[in-house]
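All remarks here apply to the structure that follows.
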Amino acid sequence: MARIQEVAIDLFDERGFARVSVEEIAAAAEVSPSSVYRYFGTKEGIILSDEFDLLSDDELAKVFNLQDLVGSIREMVSQFDLSSNEDTEDRSLAERRIHYFFNEPTVRRAAYETLADAAARIAQVLTARNTLAAPEARIV
(Lines give C-alpha, C1' and ligand atoms only; values in the text may rest on other atoms or scores of the structure.)
Protein backbone atom coordinates (compact mmCIF):
# COMPACT_ATOMS: atom_id res chain seq x y z
CA MET A 1 0.00 0.00 0.00
CA ALA A 2 2.82 2.40 0.85
CA ARG A 3 4.48 1.72 -2.51
CA ILE A 4 1.26 2.41 -4.42
CA GLN A 5 0.71 5.61 -2.45
CA GLU A 6 4.24 6.85 -3.09
CA VAL A 7 4.09 6.04 -6.82
CA ALA A 8 0.69 7.73 -7.11
CA ILE A 9 1.84 10.91 -5.40
CA ASP A 10 4.93 11.01 -7.61
CA LEU A 11 2.65 10.81 -10.65
CA PHE A 12 0.30 13.47 -9.24
CA ASP A 13 3.27 15.76 -8.61
CA GLU A 14 4.59 15.23 -12.14
CA ARG A 15 1.35 15.47 -14.12
CA GLY A 16 -1.37 16.80 -11.85
CA PHE A 17 -3.97 14.95 -9.83
CA ALA A 18 -6.74 15.10 -12.44
CA ARG A 19 -4.47 13.89 -15.25
CA VAL A 20 -3.51 10.59 -13.63
CA SER A 21 -5.77 7.54 -13.76
CA VAL A 22 -5.94 4.62 -11.36
CA GLU A 23 -4.87 2.39 -14.24
CA GLU A 24 -1.70 4.47 -14.73
CA ILE A 25 -0.97 4.33 -11.02
CA ALA A 26 -1.40 0.56 -11.02
CA ALA A 27 0.90 0.15 -14.01
CA ALA A 28 3.60 2.33 -12.46
CA ALA A 29 3.33 0.48 -9.13
CA GLU A 30 3.29 -2.89 -10.93
CA VAL A 31 -0.03 -3.99 -9.43
CA SER A 32 -3.46 -4.50 -10.92
CA PRO A 33 -6.01 -1.67 -10.95
CA SER A 34 -8.26 -3.88 -8.83
CA SER A 35 -5.57 -3.92 -6.12
CA VAL A 36 -5.51 -0.12 -6.08
CA TYR A 37 -9.30 0.01 -5.80
CA ARG A 38 -9.33 -2.71 -3.12
CA TYR A 39 -6.75 -0.90 -0.95
CA PHE A 40 -7.86 2.70 -1.49
CA GLY A 41 -11.26 2.79 -3.21
CA THR A 42 -10.56 6.02 -5.11
CA LYS A 43 -7.71 8.31 -6.13
CA GLU A 44 -8.69 10.52 -3.22
CA GLY A 45 -8.36 7.50 -0.96
CA ILE A 46 -4.76 7.10 -2.08
CA ILE A 47 -4.00 10.57 -0.75
CA LEU A 48 -5.97 10.16 2.48
CA SER A 49 -5.02 6.64 3.53
CA ASP A 50 -2.72 6.41 6.55
CA GLU A 51 -1.84 4.21 9.51
CA PHE A 52 -4.90 5.40 11.46
CA ASP A 53 -7.15 3.47 9.09
CA LEU A 54 -5.51 0.18 10.07
CA LEU A 55 -5.70 0.57 13.86
CA SER A 56 -7.92 -1.77 15.84
CA ASP A 57 -10.16 -0.24 18.52
CA ASP A 58 -7.68 -1.33 21.20
CA GLU A 59 -4.78 0.24 19.30
CA LEU A 60 -6.83 3.37 18.75
CA ALA A 61 -7.54 3.66 22.46
CA LYS A 62 -3.78 3.50 23.13
CA VAL A 63 -3.09 6.34 20.68
CA PHE A 64 -5.29 8.71 22.64
CA ASN A 65 -4.62 9.77 26.19
CA LEU A 66 -8.16 9.46 27.45
CA GLN A 67 -7.43 12.02 30.17
CA ASP A 68 -6.21 14.60 27.60
CA LEU A 69 -7.89 13.98 24.25
CA VAL A 70 -7.24 17.48 22.95
CA GLY A 71 -3.57 17.17 23.86
CA SER A 72 -3.44 13.80 22.09
CA ILE A 73 -4.83 15.28 18.90
CA ARG A 74 -2.47 18.27 19.12
CA GLU A 75 0.46 15.88 19.47
CA MET A 76 -0.63 13.94 16.39
CA VAL A 77 -1.07 17.11 14.34
CA SER A 78 2.28 18.54 15.48
CA GLN A 79 4.03 15.66 13.76
CA PHE A 80 3.37 17.40 10.44
CA ASP A 81 6.01 20.06 9.87
CA LEU A 82 4.63 22.20 7.06
CA SER A 83 7.39 24.79 7.16
CA SER A 84 9.78 23.10 4.73
CA ASN A 85 10.55 24.43 1.28
CA GLU A 86 8.48 24.00 -1.85
CA ASP A 87 10.91 21.64 -3.60
CA THR A 88 8.91 18.44 -4.15
CA GLU A 89 11.93 16.18 -3.69
CA ASP A 90 12.67 17.68 -0.26
CA ARG A 91 9.13 17.48 1.06
CA SER A 92 7.96 14.50 3.06
CA LEU A 93 5.22 12.24 1.77
CA ALA A 94 2.90 13.63 4.47
CA GLU A 95 3.51 17.20 3.30
CA ARG A 96 2.91 16.20 -0.30
CA ARG A 97 -0.37 14.54 0.72
CA ILE A 98 -1.44 17.66 2.62
CA HIS A 99 -0.73 19.74 -0.49
CA TYR A 100 -3.48 17.83 -2.30
CA PHE A 101 -5.89 18.38 0.57
CA PHE A 102 -5.52 22.13 0.13
CA ASN A 103 -5.39 22.15 -3.68
CA GLU A 104 -7.80 19.46 -4.86
CA PRO A 105 -11.48 19.99 -4.00
CA THR A 106 -12.33 16.30 -4.42
CA VAL A 107 -9.57 15.32 -1.99
CA ARG A 108 -10.73 17.95 0.51
CA ARG A 109 -14.34 16.70 0.27
CA ALA A 110 -13.23 13.11 0.80
CA ALA A 111 -11.05 14.22 3.73
CA TYR A 112 -14.02 15.80 5.47
CA GLU A 113 -15.93 12.53 5.12
CA THR A 114 -12.92 10.61 6.42
CA LEU A 115 -12.59 12.95 9.41
CA ALA A 116 -16.28 12.53 10.24
CA ASP A 117 -15.86 8.75 10.12
CA ALA A 118 -12.77 8.98 12.34
CA ALA A 119 -14.60 11.16 14.85
CA ALA A 120 -17.45 8.65 15.01
CA ARG A 121 -14.99 5.81 15.47
CA ILE A 122 -13.12 7.61 18.25
CA ALA A 123 -16.43 8.42 19.95
CA GLN A 124 -17.36 4.72 19.87
CA VAL A 125 -14.04 3.80 21.48
CA LEU A 126 -14.53 6.39 24.20
CA THR A 127 -18.07 5.21 24.85
CA ALA A 128 -17.01 1.55 24.90
CA ARG A 129 -14.31 2.35 27.47
CA ASN A 130 -16.96 4.03 29.65
CA THR A 131 -14.88 7.18 29.49
CA LEU A 132 -17.71 9.37 28.24
CA ALA A 133 -21.40 9.10 27.46
CA ALA A 134 -22.18 8.88 23.74
CA PRO A 135 -23.24 12.54 23.28
CA GLU A 136 -20.17 13.76 25.19
CA ALA A 137 -17.87 11.50 23.18
CA ARG A 138 -19.22 12.88 19.91
CA ILE A 139 -18.62 16.45 21.06
CA VAL A 140 -15.08 15.65 22.13
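Labels used: A, B, ... for chains in the order of the C-alpha coordinates, numbers from 1 for residues in each chain, and numbers from 1 for ligands as shown.
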
Problem set entry | Selection near segment 3-13 of chain A, 12 Å with only C-alpha atoms, sequence-local residues under 3 positions removed, as a count of residues only | 49

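By only C-alpha atoms, and with residues fewer than 4 positions from Leu126 of chain A along its chain excluded, the set lying at most 8 Å from it is Ala61, Leu66, Ile122, Asn130, Thr131, Leu132 and Ala137 of chain A.
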
Problem set entry | Nearest-residue call for Val140 of chain A, choices A:Val107, A:Val63, A:Ala128, A:Ala123, using only C-alpha atoms | A:Ala123
